[in-house]
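Asker: Data file protein_31.pdb (PDB, C-alpha atoms, pLDDT in the B column) is appended below.
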ATOM      1  CA  MET X  74      -3.492   7.111  -3.541  1.00 97.00           C
ATOM      2  CA  LYS X  75      -2.901   9.165  -6.612  1.00 98.00           C
ATOM      3  CA  ASN X  76       0.039  10.559  -8.581  1.00 98.00           C
ATOM      4  CA  ILE X  77       1.992   7.344  -7.958  1.00 98.00           C
ATOM      5  CA  GLN X  78       5.542   7.654  -9.277  1.00 98.00           C
ATOM      6  CA  ILE X  79       8.861   5.856  -9.016  1.00 98.00           C
ATOM      7  CA  TYR X  80      11.335   7.275  -6.502  1.00 98.00           C
ATOM      8  CA  HIS X  81      15.088   6.707  -6.876  1.00 98.00           C
ATOM      9  CA  PRO X  82      16.815   7.130  -3.507  1.00 98.00           C
ATOM     10  CA  ASP X  83      20.590   7.559  -3.465  1.00 97.00           C
ATOM     11  CA  LYS X  84      20.958   4.411  -1.351  1.00 97.00           C
ATOM     12  CA  TYR X  85      20.246   2.296  -4.464  1.00 98.00           C
ATOM     13  CA  LEU X  86      23.527   3.606  -5.918  1.00 97.00           C
ATOM     14  CA  THR X  87      25.570   2.078  -3.062  1.00 97.00           C
ATOM     15  CA  PRO X  88      27.236  -1.372  -3.116  1.00 97.00           C
ATOM     16  CA  ALA X  89      24.533  -2.624  -0.727  1.00 94.00           C
ATOM     17  CA  TYR X  90      22.083  -2.803  -3.670  1.00 97.00           C
ATOM     18  CA  THR X  91      22.256  -4.437  -7.080  1.00 98.00           C
ATOM     19  CA  ASN X  92      20.004  -3.347  -9.937  1.00 98.00           C
ATOM     20  CA  VAL X  93      18.312  -6.532 -11.189  1.00 98.00           C
ATOM     21  CA  GLY X  94      15.671  -4.999 -13.445  1.00 96.00           C
ATOM     22  CA  GLU X  95      13.965  -1.775 -14.334  1.00 97.00           C
ATOM     23  CA  HIS X  96      13.498   0.001 -10.959  1.00 98.00           C
ATOM     24  CA  ILE X  97      14.079  -3.283  -9.048  1.00 98.00           C
ATOM     25  CA  TYR X  98      16.974  -3.640  -6.626  1.00 98.00           C
ATOM     26  CA  LYS X  99      18.316  -6.594  -4.677  1.00 97.00           C
ATOM     27  CA  GLY X 100      19.736  -6.147  -1.203  1.00 95.00           C
ATOM     28  CA  LYS X 101      19.794  -7.696   2.234  1.00 92.00           C
ATOM     29  CA  ASN X 102      16.641  -8.145   4.279  1.00 89.00           C
ATOM     30  CA  PRO X 103      16.600  -5.205   6.732  1.00 86.00           C
ATOM     31  CA  TYR X 104      14.630  -7.272   9.257  1.00 83.00           C
ATOM     32  CA  ARG X 105      16.850 -10.381   9.343  1.00 75.00           C
ATOM     33  CA  GLY X 106      20.373  -9.085   9.100  1.00 68.00           C
ATOM     34  CA  ASN X 107      22.602 -10.044   6.214  1.00 68.00           C
ATOM     35  CA  ASP X 108      21.574 -13.652   5.717  1.00 77.00           C
ATOM     36  CA  GLU X 109      18.665 -13.187   3.324  1.00 88.00           C
ATOM     37  CA  ASP X 110      18.181 -11.252   0.074  1.00 93.00           C
ATOM     38  CA  MET X 111      15.113  -9.197  -0.757  1.00 96.00           C
ATOM     39  CA  TYR X 112      13.988  -7.135  -3.723  1.00 98.00           C
ATOM     40  CA  PHE X 113      13.068  -3.460  -3.396  1.00 98.00           C
ATOM     41  CA  THR X 114      11.605  -0.475  -5.162  1.00 98.00           C
ATOM     42  CA  SER X 115      10.471   2.922  -3.913  1.00 98.00           C
ATOM     43  CA  LEU X 116       7.415   4.944  -4.831  1.00 98.00           C
ATOM     44  CA  THR X 117       5.982   8.370  -4.153  1.00 98.00           C
ATOM     45  CA  PHE X 118       2.269   9.108  -4.014  1.00 98.00           C
ATOM     46  CA  GLU X 119      -0.306  11.504  -2.641  1.00 98.00           C
ATOM     47  CA  GLN X 120      -2.975  10.456  -0.174  1.00 97.00           C
ATOM     48  CA  GLU X 121      -6.643  11.277  -0.644  1.00 97.00           C
ATOM     49  CA  PRO X 122      -8.204  12.311   2.684  1.00 95.00           C
ATOM     50  CA  GLU X 123     -11.618  12.535   1.014  1.00 95.00           C
ATOM     51  CA  LEU X 124     -11.392   8.748   0.507  1.00 93.00           C
ATOM     52  CA  GLY X 125     -10.483   8.068   4.135  1.00 90.00           C
ATOM     53  CA  GLU X 126      -6.713   8.237   3.661  1.00 94.00           C
ATOM     54  CA  GLY X 127      -4.317  10.305   5.763  1.00 93.00           C
ATOM     55  CA  ASP X 128      -3.949  14.041   5.339  1.00 93.00           C
ATOM     56  CA  SER X 129      -0.196  14.242   5.866  1.00 95.00           C
ATOM     57  CA  PRO X 130       2.861  12.318   4.621  1.00 97.00           C
ATOM     58  CA  ALA X 131       4.011  12.248   8.256  1.00 94.00           C
ATOM     59  CA  ASP X 132       0.943  10.062   8.947  1.00 92.00           C
ATOM     60  CA  ILE X 133       0.500   7.640   6.045  1.00 95.00           C
ATOM     61  CA  SER X 134      -2.818   5.826   6.176  1.00 94.00           C
ATOM     62  CA  GLN X 135      -3.017   2.044   6.327  1.00 94.00           C
ATOM     63  CA  CYS X 136      -5.708   2.194   3.646  1.00 93.00           C
ATOM     64  CA  PRO X 137      -5.130   1.384   0.824  1.00 96.00           C
ATOM     65  CA  LEU X 138      -1.514   0.596   1.743  1.00 96.00           C
ATOM     66  CA  GLU X 139      -2.407  -2.680   3.504  1.00 96.00           C
ATOM     67  CA  GLY X 140      -4.373  -3.775   0.455  1.00 96.00           C
ATOM     68  CA  ILE X 141      -1.396  -3.107  -1.800  1.00 97.00           C
ATOM     69  CA  LEU X 142       0.933  -5.046   0.490  1.00 98.00           C
ATOM     70  CA  ASP X 143      -1.477  -7.995   0.531  1.00 97.00           C
ATOM     71  CA  MET X 144      -2.159  -7.822  -3.211  1.00 97.00           C
ATOM     72  CA  PHE X 145       1.524  -8.016  -4.138  1.00 98.00           C
ATOM     73  CA  HIS X 146       2.825 -10.011  -1.124  1.00 97.00           C
ATOM     74  CA  LEU X 147       5.160  -7.222  -0.024  1.00 98.00           C
ATOM     75  CA  CYS X 148       6.120  -5.251   3.063  1.00 96.00           C
ATOM     76  CA  VAL X 149       7.149  -1.661   3.676  1.00 97.00           C
ATOM     77  CA  SER X 150      10.909  -1.837   4.097  1.00 95.00           C
ATOM     78  CA  ASP X 151      11.721   1.868   4.489  1.00 95.00           C
ATOM     79  CA  PHE X 152       9.387   4.635   5.607  1.00 95.00           C
ATOM     80  CA  TYR X 153      11.662   7.544   4.590  1.00 97.00           C
ATOM     81  CA  ASP X 154      10.613   9.350   7.770  1.00 96.00           C
ATOM     82  CA  GLU X 155      12.785  12.419   7.142  1.00 97.00           C
ATOM     83  CA  LEU X 156      11.362  12.973   3.645  1.00 98.00           C
ATOM     84  CA  ASN X 157       7.785  12.350   4.781  1.00 97.00           C
ATOM     85  CA  ASP X 158       8.149  14.696   7.765  1.00 97.00           C
ATOM     86  CA  LYS X 159       9.332  17.529   5.490  1.00 97.00           C
ATOM     87  CA  SER X 160       6.828  16.990   2.690  1.00 96.00           C
ATOM     88  CA  GLU X 161       3.460  18.725   2.499  1.00 95.00           C
ATOM     89  CA  CYS X 162       1.703  16.209   0.247  1.00 96.00           C
ATOM     90  CA  THR X 163       4.113  13.683  -1.329  1.00 98.00           C
ATOM     91  CA  CYS X 164       4.554  10.401   0.539  1.00 98.00           C
ATOM     92  CA  TYR X 165       7.693   8.259   0.161  1.00 98.00           C
ATOM     93  CA  GLN X 166       7.757   4.501   0.788  1.00 98.00           C
ATOM     94  CA  GLU X 167      10.044   1.619  -0.043  1.00 98.00           C
ATOM     95  CA  PHE X 168       8.458  -1.752  -0.757  1.00 98.00           C
ATOM     96  CA  GLY X 169      10.280  -5.028  -0.306  1.00 97.00           C
ATOM     97  CA  GLY X 170       9.599  -8.662  -1.050  1.00 96.00           C
ATOM     98  CA  PHE X 171      11.236 -12.018  -1.624  1.00 95.00           C
ATOM     99  CA  ASP X 172      10.269 -12.225  -5.286  1.00 95.00           C
ATOM    100  CA  ALA X 173      11.373  -9.789  -8.002  1.00 98.00           C
ATOM    101  CA  GLU X 174       8.141 -10.549  -9.883  1.00 98.00           C
ATOM    102  CA  SER X 175       6.118  -9.139  -6.970  1.00 98.00           C
ATOM    103  CA  ILE X 176       8.058  -5.886  -7.229  1.00 98.00           C
ATOM    104  CA  ARG X 177       7.565  -5.865 -11.006  1.00 98.00           C
ATOM    105  CA  ALA X 178       3.811  -6.340 -10.501  1.00 98.00           C
ATOM    106  CA  LEU X 179       3.736  -3.507  -7.935  1.00 98.00           C
ATOM    107  CA  LEU X 180       5.360  -1.186 -10.471  1.00 98.00           C
ATOM    108  CA  GLY X 181       2.212  -1.685 -12.545  1.00 98.00           C
ATOM    109  CA  ILE X 182       0.367   0.743 -10.236  1.00 98.00           C
ATOM    110  CA  VAL X 183       2.611   3.658 -11.263  1.00 98.00           C
ATOM    111  CA  GLY X 184       0.430   6.335 -12.835  1.00 98.00           C
ATOM    112  CA  LYS X 185      -2.771   4.679 -11.639  1.00 98.00           C
ATOM    113  CA  HIS X 186      -5.341   5.465  -8.956  1.00 98.00           C
ATOM    114  CA  VAL X 187      -5.445   3.089  -5.964  1.00 98.00           C
ATOM    115  CA  TYR X 188      -8.145   3.285  -3.306  1.00 96.00           C
ATOM    116  CA  ASP X 189     -10.283   1.176  -1.004  1.00 94.00           C
ATOM    117  CA  LYS X 190     -13.838   0.723  -2.226  1.00 92.00           C
ATOM    118  CA  LYS X 191     -16.639  -0.031   0.201  1.00 86.00           C
ATOM    119  CA  PHE X 192     -18.888  -2.998  -0.586  1.00 88.00           C
ATOM    120  CA  PHE X 193     -22.222  -3.900   1.005  1.00 86.00           C
ATOM    121  CA  ALA X 194     -23.724  -7.354   1.218  1.00 85.00           C
ATOM    122  CA  ASP X 195     -26.694  -7.260  -1.118  1.00 80.00           C
ATOM    123  CA  ASP X 196     -28.090 -10.758  -0.719  1.00 79.00           C
ATOM    124  CA  LEU X 197     -29.562 -10.389   2.768  1.00 81.00           C
ATOM    125  CA  ASP X 198     -32.751 -12.135   3.776  1.00 85.00           C
ATOM    126  CA  GLU X 199     -35.523 -10.210   5.570  1.00 85.00           C
ATOM    127  CA  GLU X 200     -34.273 -11.147   9.029  1.00 85.00           C
ATOM    128  CA  GLU X 201     -30.731  -9.938   8.231  1.00 84.00           C
ATOM    129  CA  GLN X 202     -32.050  -6.717   6.698  1.00 82.00           C
ATOM    130  CA  GLU X 203     -34.063  -6.018   9.841  1.00 84.00           C
ATOM    131  CA  ALA X 204     -31.061  -6.758  12.076  1.00 83.00           C
ATOM    132  CA  CYS X 205     -28.872  -4.383  10.054  1.00 84.00           C
ATOM    133  CA  LYS X 206     -31.225  -1.428  10.443  1.00 85.00           C
ATOM    134  CA  GLY X 207     -30.139  -0.667  13.990  1.00 83.00           C
ATOM    135  CA  MET X 208     -26.438  -1.421  13.550  1.00 88.00           C
ATOM    136  CA  SER X 209     -23.655   1.149  13.305  1.00 89.00           C
ATOM    137  CA  GLU X 210     -21.345   1.074  10.303  1.00 84.00           C
ATOM    138  CA  GLU X 211     -18.604  -0.299  12.553  1.00 89.00           C
ATOM    139  CA  ASP X 212     -20.879  -3.150  13.692  1.00 90.00           C
ATOM    140  CA  LEU X 213     -21.947  -3.855  10.109  1.00 88.00           C
ATOM    141  CA  GLU X 214     -18.286  -4.103   9.152  1.00 87.00           C
ATOM    142  CA  GLU X 215     -17.492  -6.378  12.096  1.00 90.00           C
ATOM    143  CA  GLU X 216     -20.379  -8.690  11.136  1.00 87.00           C
ATOM    144  CA  GLY X 217     -19.203  -8.856   7.522  1.00 87.00           C
ATOM    145  CA  TYR X 218     -22.067  -6.892   5.938  1.00 87.00           C
ATOM    146  CA  ILE X 219     -19.641  -4.165   4.848  1.00 88.00           C
ATOM    147  CA  TRP X 220     -16.095  -4.738   3.621  1.00 88.00           C
ATOM    148  CA  TYR X 221     -13.413  -2.912   1.672  1.00 88.00           C
ATOM    149  CA  GLU X 222     -11.379  -4.020  -1.296  1.00 92.00           C
ATOM    150  CA  THR X 223      -8.354  -2.299  -2.787  1.00 95.00           C
ATOM    151  CA  VAL X 224      -9.022  -1.143  -6.338  1.00 95.00           C
ATOM    152  CA  VAL X 225      -6.380  -0.221  -8.949  1.00 96.00           C
ATOM    153  CA  GLU X 226      -7.675   1.891 -11.857  1.00 95.00           C
TER     154      GLU X 226
END
Please express the file's structure as structure tokens.
Answerer:
Amino acid sequence: MKNIQIYHPDKYLTPAYTNVGEHIYKGKNPYRGNDEDMYFTSLTFEQEPELGEGDSPADISQCPLEGILDMFHLCVSDFYDELNDKSECTCYQEFGGFDAESIRALLGIVGKHVYDKKFFADDLDEEEQEACKGMSEEDLEEEGYIWYETVVE
């Protein structure tokens, strides 16, 4: 993900949302009705197909999105389908969570580069090295010899 910027949808100007901080809004949990408050912000970004991400905003890749959600303990609360369907390269997403500090931390990725980096196990004994030689990348990943971590730079 690159060119990460803050997006201000008009819905944040309605009585359903309260501004509680810079680019942080409080509203009702869209998944549980009106009994629980959540905090929200929206971002735009461009995917990087050369890094294994999607090639269209209509099909936003799970990588590195899942890593971001895990890193900041958030969920995607609005997919902005209409905007993403019309856009050639800019993706729109709303992020929600139960803690305003998680949203504030997420806003720290604005202007940065976020991607999934591949790591290889490098402390293999001879037997493990021999076993890995005939394995596909998918099998190596399944066995834990290859894994991905979300990087923010």
Asker: Any chance you could resolve the PyMOL selection byres ((chain X and resi 134-151) around 9) against this file and give the residues as an NGL selection string?
Answerer: :X and (74 or 102-104 or 113 or 115 or 120 or 125-130 or 132-133 or 152-154 or 165-172 or 175-176 or 178-179 or 187-189 or 222-224)
Asker: I'd like the interatomic distance between atom CA of Thr163 of chain X and atom CA of Thr87 of chain X, to a tenth of an Å.
Answerer: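 Atom-to-atom, atom CA of Thr163 of chain X to atom CA of Thr87 of chain X, that is 24.5 Å.
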Asker: Taking 3 positions as the minimum chain separation for residues in the same chain, which residues sit within 9 Å of Phe193 of chain X when counting all atoms listed in the file? Answer as a PyMOL selection string.
Answerer: chain X and resi 217-221
Asker: Can you work out the spacing between atom CA of Tyr98 of chain X and atom CA of Cys164 of chain X in Å, to one decimal?
Answerer: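 If I compute the distance from atom CA of Tyr98 of chain X to atom CA of Cys164 of chain X, I get 20.1 Å.
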Asker: What is the distance between atom CA of Val93 of chain X and atom CA of Met111 of chain X, in Å to one decimal?
Answerer: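 Spanning atom CA of Val93 of chain X to atom CA of Met111 of chain X is a straight-line distance of 11.2 Å.
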Asker: I'd like the neighbourhood of Pro88 of chain X as a tab-separated table (two decimals) with C-alpha atoms, in the coordinates of the input, where a residue qualifies if any of its atoms comes within 12 Å (using all atoms listed in the file), though same-chain residues fewer than 4 positions away should be ignored.
Answerer:
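Saved file result-v7.tsv follows:
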chain	number	residue	atom	x	y	z
X	83	ASP	CA	20.59	7.56	-3.46
X	84	LYS	CA	20.96	4.41	-1.35
X	92	ASN	CA	20.00	-3.35	-9.94
X	98	TYR	CA	16.97	-3.64	-6.63
X	99	LYS	CA	18.32	-6.59	-4.68
X	100	GLY	CA	19.74	-6.15	-1.20
X	101	LYS	CA	19.79	-7.70	2.23
Asker: Pick out the closest residue to Lys185 of chain X from this set: X:Val225, X:Phe118, X:Tyr90, X:His81. Count only C-alpha atoms.
Answerer: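 Ranked by minimum distance to Lys185 of chain X, first place goes to X:Val225.
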Asker: Export all heavy atoms of segment 191-203 of chain X from the structure just given, as an mmCIF file, in the first residue's frame?
Answerer:
data_model
loop_
_atom_site.group_PDB
_atom_site.id
_atom_site.type_symbol
_atom_site.label_atom_id
_atom_site.label_comp_id
_atom_site.auth_asym_id
_atom_site.auth_seq_id
_atom_site.Cartn_x
_atom_site.Cartn_y
_atom_site.Cartn_z
ATOM 1 N N LYS X 191 8.307 -11.046 3.031
ATOM 2 C CA LYS X 191 8.473 -12.492 3.162
ATOM 3 C C LYS X 191 9.730 -12.788 3.980
ATOM 4 O O LYS X 191 10.776 -12.194 3.748
ATOM 5 C CB LYS X 191 8.614 -13.132 1.780
ATOM 6 C CG LYS X 191 8.679 -14.649 1.816
ATOM 7 C CD LYS X 191 9.047 -15.265 0.477
ATOM 8 C CE LYS X 191 8.012 -15.016 -0.569
ATOM 9 N NZ LYS X 191 8.276 -15.756 -1.816
ATOM 10 N N PHE X 192 9.593 -13.705 4.937
ATOM 11 C CA PHE X 192 10.718 -14.142 5.756
ATOM 12 C C PHE X 192 10.906 -15.642 5.588
ATOM 13 O O PHE X 192 9.937 -16.385 5.436
ATOM 14 C CB PHE X 192 10.472 -13.828 7.237
ATOM 15 C CG PHE X 192 10.537 -12.364 7.551
ATOM 16 C CD1 PHE X 192 9.401 -11.565 7.452
ATOM 17 C CD2 PHE X 192 11.727 -11.782 7.932
ATOM 18 C CE1 PHE X 192 9.457 -10.215 7.736
ATOM 19 C CE2 PHE X 192 11.794 -10.425 8.215
ATOM 20 C CZ PHE X 192 10.662 -9.647 8.114
ATOM 21 N N PHE X 193 12.162 -16.065 5.620
ATOM 22 C CA PHE X 193 12.511 -17.486 5.518
ATOM 23 C C PHE X 193 13.185 -17.914 6.817
ATOM 24 O O PHE X 193 14.010 -17.172 7.357
ATOM 25 C CB PHE X 193 13.503 -17.723 4.367
ATOM 26 C CG PHE X 193 12.964 -17.379 3.023
ATOM 27 C CD1 PHE X 193 13.129 -16.108 2.490
ATOM 28 C CD2 PHE X 193 12.274 -18.327 2.275
ATOM 29 C CE1 PHE X 193 12.620 -15.788 1.240
ATOM 30 C CE2 PHE X 193 11.778 -18.014 1.026
ATOM 31 C CZ PHE X 193 11.948 -16.743 0.507
ATOM 32 N N ALA X 194 12.868 -19.111 7.260
ATOM 33 C CA ALA X 194 13.561 -19.659 8.417
ATOM 34 C C ALA X 194 15.014 -19.885 8.030
ATOM 35 O O ALA X 194 15.304 -20.505 7.013
ATOM 36 C CB ALA X 194 12.903 -20.970 8.847
ATOM 37 N N ASP X 195 15.930 -19.344 8.816
ATOM 38 C CA ASP X 195 17.335 -19.462 8.453
ATOM 39 C C ASP X 195 18.141 -20.321 9.421
ATOM 40 O O ASP X 195 19.347 -20.460 9.285
ATOM 41 C CB ASP X 195 17.981 -18.084 8.314
ATOM 42 C CG ASP X 195 17.844 -17.253 9.572
ATOM 43 O OD1 ASP X 195 17.278 -17.734 10.570
ATOM 44 O OD2 ASP X 195 18.313 -16.099 9.562
ATOM 45 N N ASP X 196 17.478 -20.907 10.382
ATOM 46 C CA ASP X 196 18.192 -21.734 11.359
ATOM 47 C C ASP X 196 17.798 -23.210 11.222
ATOM 48 O O ASP X 196 17.507 -23.886 12.197
ATOM 49 C CB ASP X 196 17.931 -21.231 12.773
ATOM 50 C CG ASP X 196 16.452 -21.231 13.137
ATOM 51 O OD1 ASP X 196 15.614 -21.350 12.227
ATOM 52 O OD2 ASP X 196 16.139 -21.127 14.333
ATOM 53 N N LEU X 197 17.796 -23.700 9.991
ATOM 54 C CA LEU X 197 17.391 -25.073 9.726
ATOM 55 C C LEU X 197 18.584 -26.018 9.856
ATOM 56 O O LEU X 197 19.690 -25.705 9.408
ATOM 57 C CB LEU X 197 16.804 -25.203 8.318
ATOM 58 C CG LEU X 197 15.645 -24.282 7.960
ATOM 59 C CD1 LEU X 197 15.218 -24.532 6.523
ATOM 60 C CD2 LEU X 197 14.487 -24.465 8.906
ATOM 61 N N ASP X 198 18.323 -27.179 10.435
ATOM 62 C CA ASP X 198 19.387 -28.185 10.477
ATOM 63 C C ASP X 198 19.459 -28.884 9.117
ATOM 64 O O ASP X 198 18.648 -28.627 8.223
ATOM 65 C CB ASP X 198 19.169 -29.177 11.621
ATOM 66 C CG ASP X 198 17.865 -29.959 11.509
ATOM 67 O OD1 ASP X 198 17.408 -30.242 10.373
ATOM 68 O OD2 ASP X 198 17.309 -30.316 12.563
ATOM 69 N N GLU X 199 20.437 -29.748 8.934
ATOM 70 C CA GLU X 199 20.649 -30.404 7.631
ATOM 71 C C GLU X 199 19.422 -31.182 7.173
ATOM 72 O O GLU X 199 19.053 -31.154 5.991
ATOM 73 C CB GLU X 199 21.859 -31.355 7.704
ATOM 74 C CG GLU X 199 23.172 -30.662 7.495
ATOM 75 C CD GLU X 199 24.320 -31.657 7.416
ATOM 76 O OE1 GLU X 199 24.185 -32.675 6.702
ATOM 77 O OE2 GLU X 199 25.337 -31.394 8.071
ATOM 78 N N GLU X 200 18.794 -31.879 8.082
ATOM 79 C CA GLU X 200 17.620 -32.688 7.741
ATOM 80 C C GLU X 200 16.481 -31.798 7.241
ATOM 81 O O GLU X 200 15.824 -32.100 6.244
ATOM 82 C CB GLU X 200 17.175 -33.486 8.971
ATOM 83 C CG GLU X 200 16.081 -34.493 8.684
ATOM 84 C CD GLU X 200 15.740 -35.306 9.923
ATOM 85 O OE1 GLU X 200 16.658 -35.821 10.589
ATOM 86 O OE2 GLU X 200 14.534 -35.391 10.205
ATOM 87 N N GLU X 201 16.261 -30.660 7.912
ATOM 88 C CA GLU X 201 15.204 -29.729 7.499
ATOM 89 C C GLU X 201 15.546 -29.090 6.147
ATOM 90 O O GLU X 201 14.667 -28.929 5.305
ATOM 91 C CB GLU X 201 15.015 -28.635 8.553
ATOM 92 C CG GLU X 201 14.361 -29.121 9.833
ATOM 93 C CD GLU X 201 14.328 -28.056 10.907
ATOM 94 O OE1 GLU X 201 15.355 -27.383 11.116
ATOM 95 O OE2 GLU X 201 13.262 -27.902 11.543
ATOM 96 N N GLN X 202 16.803 -28.747 5.952
ATOM 97 C CA GLN X 202 17.216 -28.166 4.674
ATOM 98 C C GLN X 202 16.965 -29.142 3.536
ATOM 99 O O GLN X 202 16.474 -28.754 2.476
ATOM 100 C CB GLN X 202 18.696 -27.790 4.718
ATOM 101 C CG GLN X 202 18.995 -26.594 5.588
ATOM 102 C CD GLN X 202 20.476 -26.300 5.672
ATOM 103 O OE1 GLN X 202 21.277 -26.797 4.894
ATOM 104 N NE2 GLN X 202 20.852 -25.472 6.633
ATOM 105 N N GLU X 203 17.277 -30.398 3.755
ATOM 106 C CA GLU X 203 17.061 -31.425 2.730
ATOM 107 C C GLU X 203 15.574 -31.592 2.450
ATOM 108 O O GLU X 203 15.150 -31.683 1.296
ATOM 109 C CB GLU X 203 17.694 -32.754 3.188
ATOM 110 C CG GLU X 203 17.792 -33.793 2.095
ATOM 111 C CD GLU X 203 18.640 -33.356 0.904
ATOM 112 O OE1 GLU X 203 19.672 -32.674 1.086
ATOM 113 O OE2 GLU X 203 18.251 -33.687 -0.228
#
